[in-house]
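Read through the structure below, which is laid out as structure tokens, and then see the notes.
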Amino acid sequence: MANRRLKHILGGLTPPQEIVGTIRLGDISYDIHRAVEPSRLPHTEDVLLDTSDAFNLDNLHFMLQKYLLGQDIFLLSQPGPYARRLALTFCRLINSEYELVALHRDVGETELKQGREIRAGGNLVYVDSAAVRAVKHGRVLILEGVEKAERGIMPVLNNLLENREMNLDDGSHIVHPHRYALLDHGEADASAFIPAHKNFRVIAIAAPVPPYPGYPLDPPFRSRFQARFVDPMGSLLALPSGSTPAPEGDWYRKLRDIILSTQIASESRHTLDAVARSSLPAFPQTSLSKAKALLSAFPPPIHLSSEQLARLVLSLHPALIHSPFIAWAMLSHQFEEAGLGALGPPNLSGDDDDVGLLGYRLIRIVKSDDQSAQLSFESPSGATVVHTVPAGPHQYLAFPFTNPEMLGFTPSGRFMGLLTSLLQAHALNWDISYVPPALPSTASCSTSLLVRTFSALLGYDLEDVHMYKELGGRELIMRRKVEDGGATSWEPSPLIEGAWQGRLVHLSGMDVIGSTAGSLSRLTQDREVELWEKKRIVRRLLEGEEPSSDLSVAHRSFRVISTASKSLPLKDWLSDEHANMFFAIPAQPMPPSEEGLILQQTGCPIPIIDTLLKFAEKYRAGMTADAVQKNRKLGTRALVRIARRVAKFPADGDDLHAMLSRALLAEFLPATETMNLQNMFEECGIKKCTPPFNPPPEVRGEGLFFPPATGASAKDTRPTTIPRFDAAQDREGASHVPHMDHFYDNSLQTGLMRDLAIDFEVLGEHLVLLGNQGVGKNKVVDRYLLGRPREYIQLHRDTTVNQLMFQTVLENGVIKYTDSPLLRAIKHGRVIIIDEADKAAEHVVAIFRSLAGHGQLTLADGRRVREVKDREGDIVVHPNFRLILLANRPGYPFLGNHFLQVLGDNFCCHAVTNPDMASERKLLSQLAPQLSEDLILRLVAAFHDLRKAYESGAVTYPYSLRELLNLVRHMQAYPADPLDAALRNVFDFDVYRPETIAKLSAILDHHGLVVKNLGIGAGRDAAEKKVLDVKFEPKGDTSLSEPKFGKDDPENQPHTGGNTWSGGIPDALKNDVPDHVKERAREMARLELARRLEELNVSAGEAKEYGALFAAVEGHIAQLHDLLENLAAREEERVWVKRQTDGELDDSRLTEGLTGEATVYKRRGMEKPEMGRPQMKPKRIRFLFDVSASMYRFQYDGRLKRSMETAVMLMETFDRLTRKEKYVWDSGDSASIPLVEANQELEMRDRWKVVDKMEMITQYTFAGDYTLEAIDKAVADIAQYDADDWFVIAITDANFARYWITAEDLQRVMDRNPKVHTSLICIGEGAEAAWIPKNLPGRGYRVADTADIPAVLRSILSTMVDN
């Protein structure tokens, strides 16, 4: 009691904080105290909210009420800076210090409680987090982005919120101030208890979930707050800065009214709008602020062109780039009604227009001082507008461009218009986002060139920071390091270093880090950010303040430009949050005229350039969103690569078909895509040439000599010499030169080697080689490297980005990094082979994109890889460095990751296939000269037919050269072995696939390779082979001179097991199965069949008919089943889950481990979905079969039978799936006749009834067509279900001309709902409509041969589902 009284007396003697005034807000008042630590007060005076605004005052009044009641506040606001600025305005109003935590998916307990650091001398200290500092010192704690924190993190604060109590890692305890006042030494050690300050409050900020993406609130966490919804209308109007004068004229007023009306409309949506996903989304919170600033700085003309209007709207609301067209049409109607004119299309054309936003032109750039420049713009009326903007310290690139030819590029009108737009956004003091087009495939958008030109014009020091998926929110700001003495500390990331030094920071690949990018919103919007250990960057210093180690200001020249990797759809990352962080400049791809000029600079002939552009236009127009993640995009860089090749080797221009097919990896396209591609080749007049014969290369003194190719298509070809690598350039690399025992030359692989060598050595390209297993990818590469040292890395599912960069070791408590093979290759100019590139996660392979494209890489330890050394510590890329990525072909059955799109066009791709028959024969003859030419020919022909059977779906394994080589090696080494025994080495994998064994036997028999038995029977027959003896001949002195032989049993009884008797099962019992036993086995099989038919309730005739349909598609069933099964498994594939308390030690968190943190482990587990992504739900699929009268009347071409076979393929496939809940499918025919209901379990009898019903209906229907009605109804019906994805696939033989069905009609019903993916297969008369694939690119298919229907449908389904 005495201690308690003493504590009260001492507390009374402590002087209270000085009161500097009283604030009155409506009916309440509050005494304002002088701040103890002014550096923790808000420093954002110029962006704080206007306290004379009624909307702001109402929110501040509520907050003061809650503050006086001692309650914590939860602000629910649409994404944007308003809620944060409201909280800071409140803190400034009551003169309260504050702490701020920007939450993201990587935030853990350490960031909310205490961190650990090792100081010099090895002492461990605990560092309070912002939350702990706030509770100790009576500050307001602002938690921004609560919806981004993963489940289980925010409840860490529950006790602090409810009872003002928290146990800290250093052993101390925060307790409620009333509880602390009651403590005395008799209860506990009072020094371990810290009172929570009575002025401590929490203001949490989050976007409401839904409609915005994020994690739902934990109910106990939510219940501890007082909620306040921030009206979006009010925040839109309150954000524009009062210092910015209102723009003159009606333009701003009309635009403001459109933005506000869109907001109101978005709040009153009908429930069906959410299902349709076609409503007009509300404008971002900062859109009105941007519009006011833009129209004030650049007064608009009275009338803007529709193209200019579209660019303006997309800059304010970039999400409209990927919104449904109906939403754009609705907005265009509003603009017309307001008298501003109609909007142009959202897909900006890129025409030769050199004006920026609102029609302004850049006319002059003048340097003012080391930190600023004057930009002069010319308005559409001819007036000059001058703005002073931040700039860098270096010499400016002269503008207007005096010598365009010296720039290395031609600044087109499109380029100048985009550059002007970037500089206009810069003049408004906004960071910039260059947003790519929504179209899946376009010409180049000049992204890197624009950034570099922007930097050079303003004398900036450019810092490229390449994003990768593993990058966390904290790593964007700072990174851990260990000093030489073992002490731990922090250092700024390149972004923060750029903020301090006034650099232009290019955040490349911003799309790949997803919602983590939101952790930078405060930096981009307010130029403030929290660093480590109380350090903070503030917008400006208060009066009388000086910069210190804890308080710094971002350089006024600091600017950020973010660009996207284009490897992800816009809808996955272009959110309201992103739009609020940056001023968006929508990209414009090159028009054909500009692209043509670039191709002409290579020296390629004009006719070939015209053909390339014509083909590229058709190919890009036909690219669909479903296919873009797997198919090549054919960008400008790919066309330049072809043009350079033709310029240097004119003879290659005669075979554009081969070069375009190589660039698009046409060899591996699905059947449907291959059909469309061939149509494009025909329309462009690009013909396929007969492959020439390539004589074997010769190793000569100067290098590898390729003689000229011969053949009809090889006229005017010249020999090619690839110089030998000079070993003196890398003396240490002698041990890294690949060793090759032998290489069997053949025409196909020689031609491939020549192509690789030209691209690699002459054109200086990095390479990707894709192919089936066992086709010789490694052998071919080793052959043509010819003495060049190489490094090698094999990727796998667990490969991480850090492992590719360096290897981490811990020596004497100090973390050290040793160079990985990749870094060694970069430094010494070696070739790096990246094998199994498709097995690693896509974001891991993505780091090669910037390395191949620009010679740049940002290492996790802070070092940079650059082509030229700019700073101390930079690793310079050796000019001889090359990347070669090896991978299996995309798609089934390899099921690797679709890594090609994350690489962009920075690699030259080559498809490595099995050799042609002539090449394969030559190769095998060299390998096994003792085998007869006839036998080799038969084997080669049989394997070629096996590969064709795989492509057609008859067998499920892609038999390669490797299997054939191993087979021939066995036959060469053991000529006495029968052919059956040798073939079992290859075919025993399929013993339990009778349909495959039957197909194999048929193919072998067709080529005269008579095999008695394959499958299980072959194994039994092999038991008849007698090994005559087992003889052991020891060397040296030994008492055991021969193997032990068991005793002879005079009665010759069977013996099994033990080691006493010789012999075993008598040969007679093994080989002579009595006839009555065989007959009994046959009778059992007959009885089992009859019992099974009775159980299935089908007759023998029905079973026979169904069996015939089944047998026709058995191979397709197996392939489709394996694909869907593996896709379901891949969705549940486990990944490394980091920040775990047990598991394997995570190399990237070793420093945290040194300081004693618990979450330094990683474990394999299910990957959590990206924030806002829907949980995995079934995929809804509806199939429509045409069973009109024409199907029966014209069934002579097999259309009805093929449709029935296709139905069997679908029913059997989906019935066999183990994860049936992953796919919900149904089937129908006309607009109203169902065949299979969703979730219907089908026994064999039911499946037979379905196909029987299909045939019966065709006999009794009248002439007519319901194709449009059926598709329309199917799309409407399936969209009503909750699903992960929706698909409608229709097969029809409709005579479109006869029934007056136009392309517009089909487009209307197939586009009825944007979220439903539709495809149309036209057979019979429908296949005669040549306009189908042109008007329905990627969705409409003409199938002239009805035998291809199952294969085409399987290909469509595979492509649609695996996206």
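We label chains A, B, ... in the order they appear in the structure tokens, count residues from 1 in each chain, and number ligands from 1 in the order shown.
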
Please give the complete set of residues from segment 280-393 of chain A that DSSP, run on the backbone, assigns to strand (DSSP E), formatted as a ChimeraX atom specification. /A:361-369,372-378,384-390

Give me the segment 85-163 of chain A side of the contact with segment 37-45 of chain A, cut-off 8 Å, one line per residue showing its nearest atom pair and distance in Å at one decimal, counting only C-alpha atoms, sorted by chain and residue number, as a tab-separated table.
residue	atom	partner	partner_atom	distance
A:Leu88	CA	A:Pro42	CA	6.1
A:Thr89	CA	A:Pro42	CA	7.9
A:Cys91	CA	A:Pro42	CA	7.1
A:Arg92	CA	A:Pro42	CA	6.1
A:Asn95	CA	A:Leu41	CA	7.1
A:Ser96	CA	A:Leu41	CA	6.5
A:Glu97	CA	A:Leu41	CA	4.5
A:Tyr98	CA	A:Arg40	CA	5.9
A:Glu99	CA	A:Arg40	CA	7.4

Residues of the last selection are to be written out with C-alpha atoms, as a PDB file, in the first residue's frame.
ATOM      1  CA  LEU A  88      -3.720  12.752 -40.309  1.00  0.00           C
ATOM      2  CA  THR A  89      -5.930  15.848 -40.411  1.00  0.00           C
ATOM      3  CA  CYS A  91      -4.078  14.202 -35.580  1.00  0.00           C
ATOM      4  CA  ARG A  92      -3.037  17.677 -36.706  1.00  0.00           C
ATOM      5  CA  ASN A  95      -1.906  18.166 -32.165  1.00  0.00           C
ATOM      6  CA  SER A  96      -1.438  14.428 -31.564  1.00  0.00           C
ATOM      7  CA  GLU A  97       1.656  12.505 -32.520  1.00  0.00           C
ATOM      8  CA  TYR A  98       1.011   9.456 -34.655  1.00  0.00           C
ATOM      9  CA  GLU A  99       2.472   6.176 -35.841  1.00  0.00           C
TER      10      GLU A  99
END

What's the 12 Å shell around Gln729 of chain A, counting only C-alpha atoms, without same-chain residues fewer than 5 positions away, as a PyMOL selection string? chain A and resi 724+734+787-789+827-830+878-881

Show me, as an MDAnalysis selection string, the residues that have an atom within 12 Å of Ala1344 of chain A when counting only C-alpha atoms, minus same-chain residues fewer than 4 positions from it. chainID A and resid 675 1197:1199 1293 1321:1330 1348:1349 1352

Test item: residues at most 7 Å from His33 of chain A, only C-alpha atoms, excluding those fewer than 6 positions along its chain, as a PyMOL selection string: chain A and resi 17-20+95

Okay, now the selection with N, CA and C atoms, as a PDB file, in the first residue's frame?
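Written output follows (out-v1.pdb):
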ATOM      1  N   GLN A  17       1.351  17.817 -19.465  1.00  0.00           N
ATOM      2  CA  GLN A  17       1.669  18.439 -20.742  1.00  0.00           C
ATOM      3  C   GLN A  17       1.028  19.826 -20.807  1.00  0.00           C
ATOM      4  N   GLU A  18       1.793  20.753 -21.394  1.00  0.00           N
ATOM      5  CA  GLU A  18       1.318  22.132 -21.475  1.00  0.00           C
ATOM      6  C   GLU A  18       0.136  22.240 -22.442  1.00  0.00           C
ATOM      7  N   ILE A  19      -0.906  22.926 -22.002  1.00  0.00           N
ATOM      8  CA  ILE A  19      -2.070  23.165 -22.853  1.00  0.00           C
ATOM      9  C   ILE A  19      -1.802  24.437 -23.654  1.00  0.00           C
ATOM     10  N   VAL A  20      -1.912  24.298 -24.973  1.00  0.00           N
ATOM     11  CA  VAL A  20      -1.630  25.449 -25.840  1.00  0.00           C
ATOM     12  C   VAL A  20      -2.907  26.066 -26.388  1.00  0.00           C
ATOM     13  N   ASN A  95      -3.348  18.087 -32.429  1.00  0.00           N
ATOM     14  CA  ASN A  95      -1.906  18.166 -32.165  1.00  0.00           C
ATOM     15  C   ASN A  95      -1.368  16.875 -31.551  1.00  0.00           C
TER      16      ASN A  95
END

May I ask which of the residues A:Gly214, A:Pro219, A:Pro240, A:Pro492 is the closest one to Val529 of chain A, counting only C-alpha atoms? A:Pro492

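Interatomic distance, atom CA of Gly873 of chain A to atom CA of Leu450 of chain A: 27.1 Å.
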
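Using only C-alpha atoms, the nearest neighbour of Ser1203 of chain A within the list A:Leu288, A:Leu639, A:Ala1351, A:Asp1122 is A:Ala1351.
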
Distance criterion (only C-alpha atoms): nearest to Leu823 of chain A out of A:Tyr784, A:Asp250, A:Ile875, A:Asp755: A:Ile875

Of the candidates A:Thr913, A:Thr611, A:Ser1001, A:Gln930, which one gets nearest to Gln773 of chain A if we count only C-alpha atoms?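 Nearest candidate to Gln773 of chain A out of A:Thr913, A:Thr611, A:Ser1001, A:Gln930: A:Thr913.
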
Long-range neighbours of segment 390-403 of chain A as number ranges by chain, 8 Å cut-off, only C-alpha atoms, 3 positions minimum in chain: A: 363-365, 367, 370-373, 406-407, 456-461, 502-503, 556-558

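Of the residues under consideration (A:Val313, A:Ala616, A:Leu770, A:Leu523), A:Val313 shows the shortest atom-to-atom contact distance to Pro586 of chain A when counting only C-alpha atoms.
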
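With only C-alpha atoms as the atoms that count, the minimum distance from Asp741 of chain A to the choices A:His657, A:Arg1245, A:Lys779, A:Lys648 is reached by A:Lys779.
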
Atom CA of Ala1112 of chain A and atom CA of His1007 of chain A are how many Å apart?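 Separation between atom CA of Ala1112 of chain A and atom CA of His1007 of chain A: 21.9 Å.
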
Close residues, segment 425-428 of chain A itself excluded, 9 Å, only C-alpha atoms, min 3 positions apart in chain, as a ChimeraX atom specification: /A:290,293-294,297,375,387-390,420-422,431-432,559,583-585

To one decimal in Å, tell me the separation between atom CA of Pro670 of chain A and atom CA of Gly891 of chain A.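 Atom CA of Gly891 of chain A lies 8.5 Å from atom CA of Pro670 of chain A.
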
Please report, as an MDAnalysis selection string, each residue of segment 190-302 of chain A to which DSSP assigns alpha helix (DSSP H) when run on this structure's backbone. chainID A and resid 219:222 232:238 251:267 271:276 287:297
